[in-house]
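**Student:** One structure, as structure tokens, below. Some questions next.
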Protein chains: 2
Amino acid sequence: MIEIYQLEQLIAFADNGTLSEAAEKMHISQPTLTRTMKKLEEEFGVPLFSRTKNKMDLNENGLLALSHARKIMEQTSDMLRLVRALDRASHTISIGSCAPEPMVQLVQHCSKLYPEMAISSEMKDLDYLKQGLDDDIYQCIILPEKPYDNNYTVEEFGHENLYFALPKSHPKTNSQNLSFSDMNGENMIVFSAIGFWYEMTKNQMPDSRFLMQNERYDFTELINSSILPSFATDTTQISAPAPADRNLVPITDECAHVTYYIVCKKKDRSKFKNLLRSKMNT
Amino acid sequence: MIEIYQLEQLIAFADNGTLSEAAEKMHISQPTLTRTMKKLEEEFGVPLFSRTKNKMDLNENGLLALSHARKIMEQTSDMLRLVRALDRASHTISIGSCAPEPMVQLVQHCSKLYPEMAISSEMKDLDYLKQGLDDDIYQCIILPEKPYDNNYTVEEFGHENLYFALPKSHPKTNSQNLSFSDMNGENMIVFSAIGFWYEMTKNQMPDSRFLMQNERYDFTELINSSILPSFATDTTQISAPAPADRNLVPITDECAHVTYYIVCKKKDRSKFKNLLRSKMNT
DNA sequence: AGACCTTACGGCCGGCGTAACAATA
DNA sequence: TATTGTTACGCCGGCCGTAAGGTCT
């Protein structure tokens with residue numbers, strides 16, 4: 001019976017040109033390779049090498065065998081990779097979200113409800129999320145709007161409202177409320193990882209320059225030390241309250257008030273029954 | 001390292017449903033299978049089976065692994081088959097011929113010129129022969145006409161002439177010569193394995209009925225005991241002369257006089273140099 | 001002399017079978 | 001009780017490494 005370790009050694013020989021070098025690369029002895037190659041020839045029943053007294057080369061048979069051996073090795077590693085991936089997928093709930101706060105909260109619910117499962121989560125734009133749900137990249141996604149698709153199960157998860165976080169020194173800091181247009185044109189300090197909020201606010205305030213901060217630490221430092229306005233939401237005030245010297249001014253525009261929906265495929269409805277019932281803390 | 005014998009046992013288990021049956025089919029013990037399956041799971045690093053106390057089944061991981069395992073086994077046996085076929089082909093000369101006599105003679109020349117090679121030969125129609133030469137099914141073919149193709153090397157091999165073999169009792173037995181049309185309509189005893197001669201004579205004598213004989217022995221018996229006319233050629237008179245009570249009457253039609261050509265690919269010209277020089281005995 | 005392949009020899013790992021056990025129908 | 005899978009134990013084949021030998025550059 002041909003075995004994979006033999007094909008592996010055949011490939012190593014072909015890749016290194018000599019038995020000696022191949023042996024060194026594989027951390028085995030030359031005689032081992034000599035023996036294995038002989039055994040291979042025996043099992044094929046045909047010569048695979050052309051041998052002069054101190055040189056070995058693959059002959060035509062050997063080259064053909066080699067090409068097959070490579071395919072078999074590839075297929076074997078594919079098998080390992082894919083089976084492991086399938087197993088991993090079956091123990092993992094993948095969540096895609098349009099925004100950070102509902103994602104964090106859903107992950108918390110998820111890990112309480114399914115403590116034996118691994119949970120992976122990421123933020124993407126809405127089209128990618130829907131596509132990902134269809135393609136089984138996500139079992140569960142969070143959208144800021146109700147999708148219309150009969151294959152989906154949809155449940156309301158909670159609300160989030162956007163505010164301007166204005167330093168006390170800002171001229172509009174004592175306003176009862178403001179619209180995006182009131183602030184349009186002003187420079188804003190903005191944290192990068194805010195999902196769909198970025199596109200939305202950027203559209204509403206086209207003349208403003210957003211000073212994007214990739215690092216959470218840098219962002220909070222700037223908020224504390226700068227007089228530039230920034231955004232905040234109500235749901236984040238518990239975990240990450242705005243500094244005392246900033247006032248939160250509600251934004252009147254309708255799109256600043258968002259309802260999140262948990263969406264999963266109908267086939268997974270019973271599996272995620274409890275998760276779909278969970279609600280955001282506000 | 002995953003090995004092929006493990007995949008083989010996995011497949012046997014899947015095909016037989018239980019370890020016990022699989023073990024019996026493979027002529028090994030059950031504990032061996034238990035161990036190998038455990039080892040497979042260990043090497044995959046994921047469970048492949050769902051186990052109740054006395055029943056084992058493949059789970060999703062196992063089913064995926066199984067499908068890959070089948071592919072790998074198939075590829076492995078393909079490898080063996082194809083490498084062996086290549087080796088065999090490399091020391092076999094395959095000859096295709098349009099007729100028996102030049103085939104026999106060419107095979108004789110061949111085995112003298114290349115005593116270390118195996119020689120295979122068969123008769124086919126002209127189109128099949130040419131196609132087979134192009135496809136490397138044959139290294140060498142014999143045609144009754146000169147082919148026009150620049151990739152071929154062509155050498156004249158010899159001539160063969162067709163005769164009517166008429167019993168002494170036949171009314172035309174003493175003719176100096178005859179045309180096909182002279183005999184058209186008469187029943188003929190014909191040996192099956194005569195290659196292109198069959199199509200040709202059948203066309204020339206559309207009103208005759210050919211009593212086809214598949215067995216050489218039956219044919220000669222009938223020739224000896226029957227008064228029905230038959231065919232013969234000059235080149236076969238040495239090895240298998242017509243019986244004394246039959247006269248050989250030459251056929252006048254041009255197509256009863258054939259020149260054979262040895263044809264091989266130009267790339268093989270030097271390899272078959274001596275074979276191409278050989279001539280038929282007449 | 002150095003690089004390469006081959007052969008010979010002895011150790012040991014690991015796959016195998018036998019036997020005994022546990023659980024199910 | 002018959003069938004199935006698991007565990008324990010000891011055998012032994014075969015794979016491996018070391019050592020030595022032969023050939024070529």
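To be explicit about the labels: the chains of the structure tokens are called A, B, and onward in the order shown, and within each one the residues are counted from 1, while ligands get numbers from 1 in the order they are shown.
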Produce a table with one row for each residue of region 17-103 of chain B that has an atom at most 10 Å from any atom of region 3-22 of chain C, each row naming the nearest atom pair and its distance in Å at one decimal; use only C-alpha atoms (C1' of nucleotides); arrange rows by chain and rising residue number; format as CSV.
**Tutor:**
```
residue,atom,partner,partner_atom,distance
B:Ile28,CA,C:DC16,C1',8.3
B:Ser29,CA,C:DG17,C1',6.8
B:Gln30,CA,C:DG17,C1',9.5
B:Pro31,CA,C:DG17,C1',8.4
B:Thr32,CA,C:DC16,C1',6.6
B:Arg35,CA,C:DG15,C1',9.2
B:Thr36,CA,C:DG15,C1',9.0
B:Lys53,CA,C:DA22,C1',8.7
B:Asn54,CA,C:DA22,C1',9.1
```
**Student:** Specify as a PyMOL selection string all residues of chain A found within 12 Å of chain C, counting only C-alpha atoms (C1' of nucleotides).
**Tutor:** chain A and resi 17-21+30-35+37-38+51-57
**Student:** Please, what distance in Å, to one decimal, runs between CA of Thr233 (chain B) and CA of Leu162 (chain B)?
**Tutor:**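 Straight-line distance from CA of Thr233 (chain B) to CA of Leu162 (chain B) works out to 4.5 Å.
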**Student:** Define the interface residues of chain D facing chain B as those within 10 Å, counting only C-alpha atoms (C1' of nucleotides), and report them as a list in words.
**Tutor:**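 Taken together, these residues fit the definition: DT3, DT4, DG5, DT6 and DT7 of chain D.
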**Student:** Please provide as a list of chain:residue names all residues within 9 Å of Thr201 (chain B), with the sequence filter that same-chain residues fewer than 4 positions apart are discarded (counting only C-alpha atoms (C1' of nucleotides)).
**Tutor:**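 Those residues are B:Phe180, B:Phe196, B:Trp197, B:Met205, B:Pro206, B:Ala256.
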**Student:** Save the residues we just selected, N, CA, C and O atoms, as a JSON list (two decimals), in the first residue's frame?
**Tutor:**
```
[["chain", "number", "residue", "atom", "x", "y", "z"],
["B", 180, "PHE", "N", -13.97, -8.72, -60.69],
["B", 180, "PHE", "CA", -14.97, -8.88, -59.63],
["B", 180, "PHE", "C", -16.35, -9.08, -60.23],
["B", 180, "PHE", "O", -17.14, -9.90, -59.79],
["B", 196, "PHE", "N", -9.19, -4.45, -44.32],
["B", 196, "PHE", "CA", -9.84, -3.61, -45.32],
["B", 196, "PHE", "C", -10.35, -4.41, -46.52],
["B", 196, "PHE", "O", -11.20, -3.95, -47.26],
["B", 197, "TRP", "N", -9.80, -5.63, -46.76],
["B", 197, "TRP", "CA", -10.23, -6.45, -47.91],
["B", 197, "TRP", "C", -11.74, -6.68, -47.87],
["B", 197, "TRP", "O", -12.38, -6.77, -48.91],
["B", 205, "MET", "N", -18.46, -6.59, -55.12],
["B", 205, "MET", "CA", -19.38, -7.69, -55.42],
["B", 205, "MET", "C", -20.64, -7.55, -54.57],
["B", 205, "MET", "O", -20.94, -8.40, -53.72],
["B", 206, "PRO", "N", -21.41, -6.48, -54.86],
["B", 206, "PRO", "CA", -22.55, -6.15, -53.99],
["B", 206, "PRO", "C", -23.65, -7.22, -54.00],
["B", 206, "PRO", "O", -24.40, -7.32, -53.04],
["B", 256, "ALA", "N", -7.55, -4.81, -56.70],
["B", 256, "ALA", "CA", -7.12, -6.10, -56.17],
["B", 256, "ALA", "C", -5.60, -6.18, -56.04],
["B", 256, "ALA", "O", -5.07, -7.18, -55.57]]
```
**Student:** Would you please extract all helix (DSSP H, G or I) residues from region 55-243 of chain B, as assigned by DSSP on the backbone, and give them as JSON, numbers by chain?
**Tutor:** {"B": [60, 61, 62, 63, 64, 65, 66, 67, 68, 69, 70, 71, 72, 73, 74, 75, 76, 77, 78, 79, 80, 81, 82, 83, 84, 85, 86, 87, 88, 89, 90, 100, 101, 102, 103, 104, 105, 106, 107, 108, 109, 110, 111, 112, 113, 126, 127, 128, 129, 130, 131, 132, 133, 134, 180, 181, 182, 183, 196, 197, 198, 199, 200, 201, 202, 203, 204, 216, 217, 218, 219, 220, 221, 222, 223, 224, 225]}
**Student:** Return the single residue from A:Met73, A:Ala23, A:Cys98, A:Ile11 that is closest to chain B, with distances computed using only C-alpha atoms.
**Tutor:** A:Met73
**Student:** What does the distance between CA of Lys168 (chain A) and CA of Met188 (chain A) come to in Å, to one decimal place?
**Tutor:** 15.3 Å
**Student:** Using CA of His68 (chain B) and CA of Leu64 (chain A) as the two end points, give the distance in Å to one decimal.
**Tutor:**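 Between these atoms lies a distance of 22.0 Å.
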**Student:** Closest to chain B among A:Glu60, A:Phe49, A:Phe219, A:Leu10, using only C-alpha atoms?
**Tutor:** A:Glu60
**Student:** Got a sec to pull out which chain B residues are within 7 Å of chain A, counting only C-alpha atoms, and send them as a list in words?
**Tutor:** Glu3, Ile4, Phe44, Val46, Asn61, Leu64, Ala65, His68, Ile72, Gln75, Met79, Leu80, Val83, Arg84, Leu86 and Asp87 of chain B
**Student:** Output the selection as a compact mmCIF listing (two decimals), in the first residue's frame - all heavy atoms for each residue.
**Tutor:**
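Wrote it out as result12.txt, contents follow:
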```txt
# COMPACT_ATOMS: atom_id res chain seq x y z
N GLU B 3 -2.42 9.05 7.09
CA GLU B 3 -1.93 8.08 6.11
C GLU B 3 -3.09 7.45 5.35
O GLU B 3 -4.24 7.45 5.82
CB GLU B 3 -1.09 7.00 6.79
CG GLU B 3 0.24 7.51 7.33
CD GLU B 3 1.13 8.09 6.23
OE1 GLU B 3 0.89 7.80 5.05
OE2 GLU B 3 2.05 8.84 6.57
N ILE B 4 -2.76 6.91 4.19
CA ILE B 4 -3.81 6.43 3.31
C ILE B 4 -4.54 5.23 3.89
O ILE B 4 -5.75 5.10 3.73
CB ILE B 4 -3.21 6.11 1.92
CG1 ILE B 4 -2.89 7.44 1.22
CG2 ILE B 4 -4.18 5.28 1.07
CD1 ILE B 4 -2.32 7.29 -0.15
N PHE B 44 -7.04 14.80 12.94
CA PHE B 44 -7.84 15.92 12.46
C PHE B 44 -7.97 16.98 13.56
O PHE B 44 -8.08 18.16 13.27
CB PHE B 44 -9.25 15.45 12.05
CG PHE B 44 -9.34 14.99 10.62
CD1 PHE B 44 -9.18 13.67 10.29
CD2 PHE B 44 -9.60 15.90 9.61
CE1 PHE B 44 -9.26 13.25 8.97
CE2 PHE B 44 -9.69 15.50 8.30
CZ PHE B 44 -9.52 14.16 7.97
N VAL B 46 -10.49 17.13 15.47
CA VAL B 46 -11.92 17.40 15.67
C VAL B 46 -12.66 16.07 15.68
O VAL B 46 -12.19 15.09 15.11
CB VAL B 46 -12.50 18.29 14.55
CG1 VAL B 46 -11.68 19.56 14.40
CG2 VAL B 46 -12.53 17.53 13.22
N ASN B 61 -18.55 16.56 10.30
CA ASN B 61 -17.11 16.59 10.02
C ASN B 61 -16.68 15.31 9.32
O ASN B 61 -15.94 15.35 8.33
CB ASN B 61 -16.32 16.71 11.32
CG ASN B 61 -16.59 18.02 12.04
OD1 ASN B 61 -16.96 19.01 11.41
ND2 ASN B 61 -16.42 18.01 13.36
N LEU B 64 -17.70 15.10 5.70
CA LEU B 64 -16.85 15.93 4.84
C LEU B 64 -15.50 15.24 4.63
O LEU B 64 -15.00 15.14 3.50
CB LEU B 64 -16.65 17.31 5.46
CG LEU B 64 -15.79 18.27 4.65
CD1 LEU B 64 -16.39 18.53 3.28
CD2 LEU B 64 -15.59 19.59 5.39
N ALA B 65 -14.94 14.75 5.72
CA ALA B 65 -13.66 14.04 5.62
C ALA B 65 -13.79 12.85 4.68
O ALA B 65 -12.92 12.60 3.84
CB ALA B 65 -13.21 13.58 7.00
N HIS B 68 -13.65 13.74 1.02
CA HIS B 68 -12.27 13.99 0.60
C HIS B 68 -11.47 12.69 0.53
O HIS B 68 -10.68 12.50 -0.38
CB HIS B 68 -11.60 14.96 1.58
CG HIS B 68 -11.98 16.38 1.36
ND1 HIS B 68 -11.26 17.22 0.57
CD2 HIS B 68 -13.01 17.11 1.83
CE1 HIS B 68 -11.84 18.41 0.55
NE2 HIS B 68 -12.91 18.38 1.32
N ILE B 72 -9.19 11.21 -2.50
CA ILE B 72 -7.76 10.91 -2.37
C ILE B 72 -7.47 9.47 -2.78
O ILE B 72 -6.50 9.20 -3.49
CB ILE B 72 -7.31 11.17 -0.92
CG1 ILE B 72 -7.34 12.67 -0.64
CG2 ILE B 72 -5.92 10.61 -0.67
CD1 ILE B 72 -7.12 13.04 0.80
N GLN B 75 -7.63 9.28 -6.50
CA GLN B 75 -6.44 9.87 -7.11
C GLN B 75 -5.23 8.96 -6.95
O GLN B 75 -4.39 8.86 -7.84
CB GLN B 75 -6.17 11.21 -6.43
CG GLN B 75 -5.21 12.08 -7.20
CD GLN B 75 -5.74 13.50 -7.28
OE1 GLN B 75 -6.47 13.93 -6.41
NE2 GLN B 75 -5.37 14.21 -8.32
N MET B 79 -3.13 7.35 -9.92
CA MET B 79 -1.68 7.52 -10.02
C MET B 79 -1.01 6.20 -10.36
O MET B 79 -0.23 6.11 -11.31
CB MET B 79 -1.14 8.07 -8.71
CG MET B 79 0.37 8.18 -8.64
SD MET B 79 0.93 8.96 -7.13
CE MET B 79 0.51 7.71 -5.93
N LEU B 80 -1.36 5.16 -9.60
CA LEU B 80 -0.76 3.86 -9.86
C LEU B 80 -1.06 3.39 -11.28
O LEU B 80 -0.17 2.95 -12.01
CB LEU B 80 -1.32 2.84 -8.87
CG LEU B 80 -0.71 2.90 -7.47
CD1 LEU B 80 -1.49 2.04 -6.51
CD2 LEU B 80 0.73 2.44 -7.53
N VAL B 83 0.76 5.64 -14.03
CA VAL B 83 2.22 5.48 -14.07
C VAL B 83 2.57 4.12 -14.66
O VAL B 83 3.48 4.01 -15.48
CB VAL B 83 2.83 5.66 -12.67
CG1 VAL B 83 4.28 5.23 -12.66
CG2 VAL B 83 2.71 7.11 -12.23
N ARG B 84 1.82 3.11 -14.25
CA ARG B 84 2.08 1.78 -14.81
C ARG B 84 1.81 1.76 -16.31
O ARG B 84 2.55 1.15 -17.08
CB ARG B 84 1.20 0.74 -14.11
CG ARG B 84 1.70 0.40 -12.73
CD ARG B 84 0.67 -0.36 -11.92
NE ARG B 84 1.18 -0.64 -10.58
CZ ARG B 84 0.42 -0.91 -9.54
NH1 ARG B 84 -0.90 -0.92 -9.66
NH2 ARG B 84 0.96 -1.15 -8.36
N LEU B 86 2.02 4.30 -18.35
CA LEU B 86 3.09 5.03 -19.02
C LEU B 86 4.32 4.15 -19.18
O LEU B 86 4.94 4.12 -20.24
CB LEU B 86 3.45 6.29 -18.22
CG LEU B 86 4.62 7.10 -18.79
CD1 LEU B 86 4.25 7.69 -20.13
CD2 LEU B 86 5.05 8.20 -17.82
N ASP B 87 4.64 3.44 -18.12
CA ASP B 87 5.81 2.57 -18.17
C ASP B 87 5.64 1.50 -19.24
O ASP B 87 6.52 1.24 -20.04
CB ASP B 87 6.04 1.92 -16.81
CG ASP B 87 7.29 1.05 -16.81
OD1 ASP B 87 8.38 1.63 -16.88
OD2 ASP B 87 7.15 -0.19 -16.78
```
**Student:** Quick one: residues within 8 Å of Val190 (chain B), only C-alpha atoms (C1' of nucleotides) counted, chain neighbours fewer than 3 positions away excluded, as a VMD selection string?
**Tutor:** chain B and resid 210 to 213 219 230 to 231
**Student:** Can you tell me which residues surround Phe157 (chain B) at a distance of at most 9 Å, considering only C-alpha atoms (C1' of nucleotides), apart from same-chain residues fewer than 5 positions away, and format the answer as a list in words?
**Tutor:**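 The residues satisfying every condition are Pro102, Leu106, Ile142, Thr259, Tyr260, Tyr261, Ile262, Leu276, Arg277, Ser278, Lys279 and Met280 of chain B.
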**Student:** Store the residues of this selection in a file with all heavy atoms, as a JSON list (two decimals), in the first residue's frame.
**Tutor:**
```json
[["chain", "number", "residue", "atom", "x", "y", "z"],
["B", 102, "PRO", "N", 0.41, -8.12, -43.87],
["B", 102, "PRO", "CA", 1.49, -7.16, -43.56],
["B", 102, "PRO", "C", 1.66, -6.97, -42.06],
["B", 102, "PRO", "O", 2.78, -6.74, -41.58],
["B", 102, "PRO", "CB", 1.03, -5.88, -44.24],
["B", 102, "PRO", "CG", -0.44, -6.03, -44.44],
["B", 102, "PRO", "CD", -0.68, -7.50, -44.63],
["B", 106, "LEU", "N", 5.15, -7.45, -40.27],
["B", 106, "LEU", "CA", 5.78, -6.31, -39.60],
["B", 106, "LEU", "C", 6.07, -6.65, -38.14],
["B", 106, "LEU", "O", 7.11, -6.26, -37.59],
["B", 106, "LEU", "CB", 4.89, -5.07, -39.68],
["B", 106, "LEU", "CG", 5.59, -3.78, -39.23],
["B", 106, "LEU", "CD1", 6.76, -3.45, -40.15],
["B", 106, "LEU", "CD2", 4.62, -2.60, -39.18],
["B", 142, "ILE", "N", -0.02, 0.43, -40.74],
["B", 142, "ILE", "CA", 0.14, -0.03, -42.12],
["B", 142, "ILE", "C", -1.12, 0.32, -42.89],
["B", 142, "ILE", "O", -2.23, -0.07, -42.51],
["B", 142, "ILE", "CB", 0.34, -1.55, -42.17],
["B", 142, "ILE", "CG1", 1.64, -1.92, -41.45],
["B", 142, "ILE", "CG2", 0.40, -2.03, -43.63],
["B", 142, "ILE", "CD1", 1.76, -3.40, -41.20],
["B", 259, "THR", "N", -0.54, -1.87, -52.64],
["B", 259, "THR", "CA", 0.78, -1.57, -52.09],
["B", 259, "THR", "C", 0.59, -1.11, -50.65],
["B", 259, "THR", "O", -0.22, -0.23, -50.38],
["B", 259, "THR", "CB", 1.47, -0.47, -52.90],
["B", 259, "THR", "OG1", 1.58, -0.88, -54.26],
["B", 259, "THR", "CG2", 2.86, -0.20, -52.33],
["B", 260, "TYR", "N", 1.34, -1.74, -49.73],
["B", 260, "TYR", "CA", 1.25, -1.36, -48.31],
["B", 260, "TYR", "C", 2.34, -0.36, -47.95],
["B", 260, "TYR", "O", 3.46, -0.45, -48.47],
["B", 260, "TYR", "CB", 1.39, -2.59, -47.41],
["B", 260, "TYR", "CG", 0.22, -3.54, -47.51],
["B", 260, "TYR", "CD1", 0.40, -4.84, -47.98],
["B", 260, "TYR", "CD2", -1.06, -3.14, -47.11],
["B", 260, "TYR", "CE1", -0.67, -5.72, -48.06],
["B", 260, "TYR", "CE2", -2.13, -4.01, -47.20],
["B", 260, "TYR", "CZ", -1.93, -5.30, -47.67],
["B", 260, "TYR", "OH", -2.98, -6.16, -47.75],
["B", 261, "TYR", "N", 1.99, 0.54, -47.06],
["B", 261, "TYR", "CA", 2.95, 1.54, -46.60],
["B", 261, "TYR", "C", 3.05, 1.49, -45.07],
["B", 261, "TYR", "O", 2.04, 1.39, -44.38],
["B", 261, "TYR", "CB", 2.53, 2.94, -47.04],
["B", 261, "TYR", "CG", 2.50, 3.07, -48.54],
["B", 261, "TYR", "CD1", 1.34, 2.80, -49.27],
["B", 261, "TYR", "CD2", 3.66, 3.46, -49.24],
["B", 261, "TYR", "CE1", 1.31, 2.90, -50.65],
["B", 261, "TYR", "CE2", 3.64, 3.56, -50.63],
["B", 261, "TYR", "CZ", 2.47, 3.28, -51.33],
["B", 261, "TYR", "OH", 2.46, 3.37, -52.69],
["B", 262, "ILE", "N", 4.27, 1.55, -44.57],
["B", 262, "ILE", "CA", 4.49, 1.71, -43.13],
["B", 262, "ILE", "C", 4.49, 3.20, -42.83],
["B", 262, "ILE", "O", 5.21, 3.96, -43.49],
["B", 262, "ILE", "CB", 5.85, 1.14, -42.69],
["B", 262, "ILE", "CG1", 6.02, -0.30, -43.19],
["B", 262, "ILE", "CG2", 5.99, 1.21, -41.18],
["B", 262, "ILE", "CD1", 7.39, -0.87, -42.84],
["B", 276, "LEU", "N", 11.43, 0.91, -40.68],
["B", 276, "LEU", "CA", 10.91, 1.52, -41.90],
["B", 276, "LEU", "C", 11.60, 0.98, -43.15],
["B", 276, "LEU", "O", 11.05, 1.02, -44.25],
["B", 276, "LEU", "CB", 11.09, 3.05, -41.83],
["B", 276, "LEU", "CG", 10.13, 3.76, -40.86],
["B", 276, "LEU", "CD1", 10.63, 5.15, -40.53],
["B", 276, "LEU", "CD2", 8.73, 3.83, -41.47],
["B", 277, "ARG", "N", 12.81, 0.47, -42.98],
["B", 277, "ARG", "CA", 13.55, -0.09, -44.11],
["B", 277, "ARG", "C", 13.11, -1.51, -44.45],
["B", 277, "ARG", "O", 13.45, -2.03, -45.51],
["B", 277, "ARG", "CB", 15.06, -0.11, -43.77],
["B", 277, "ARG", "CG", 15.79, 1.14, -44.19],
["B", 277, "ARG", "CD", 17.25, 0.83, -44.46],
["B", 277, "ARG", "NE", 18.02, 0.73, -43.22],
["B", 277, "ARG", "CZ", 18.69, 1.75, -42.69],
["B", 277, "ARG", "NH1", 18.68, 2.94, -43.29],
["B", 277, "ARG", "NH2", 19.38, 1.60, -41.58],
["B", 278, "SER", "N", 12.41, -2.14, -43.53],
["B", 278, "SER", "CA", 12.07, -3.56, -43.74],
["B", 278, "SER", "C", 11.03, -3.73, -44.85],
["B", 278, "SER", "O", 10.25, -2.82, -45.12],
["B", 278, "SER", "CB", 11.57, -4.18, -42.44],
["B", 278, "SER", "OG", 10.34, -3.57, -42.07],
["B", 279, "LYS", "N", 11.05, -4.90, -45.49],
["B", 279, "LYS", "CA", 10.14, -5.17, -46.62],
["B", 279, "LYS", "C", 9.40, -6.47, -46.41],
["B", 279, "LYS", "O", 9.91, -7.40, -45.78],
["B", 279, "LYS", "CB", 10.96, -5.28, -47.93],
["B", 279, "LYS", "CG", 11.74, -4.06, -48.31],
["B", 279, "LYS", "CD", 10.83, -2.88, -48.67],
["B", 279, "LYS", "CE", 11.65, -1.59, -48.84],
["B", 279, "LYS", "NZ", 10.83, -0.37, -48.59],
["B", 280, "MET", "N", 8.22, -6.55, -46.98],
["B", 280, "MET", "CA", 7.42, -7.78, -46.93],
["B", 280, "MET", "C", 8.08, -8.87, -47.76],
["B", 280, "MET", "O", 8.71, -8.61, -48.78],
["B", 280, "MET", "CB", 6.03, -7.53, -47.54],
["B", 280, "MET", "CG", 5.01, -6.97, -46.59],
["B", 280, "MET", "SD", 3.42, -6.81, -47.43],
["B", 280, "MET", "CE", 2.72, -8.45, -47.18]]
```
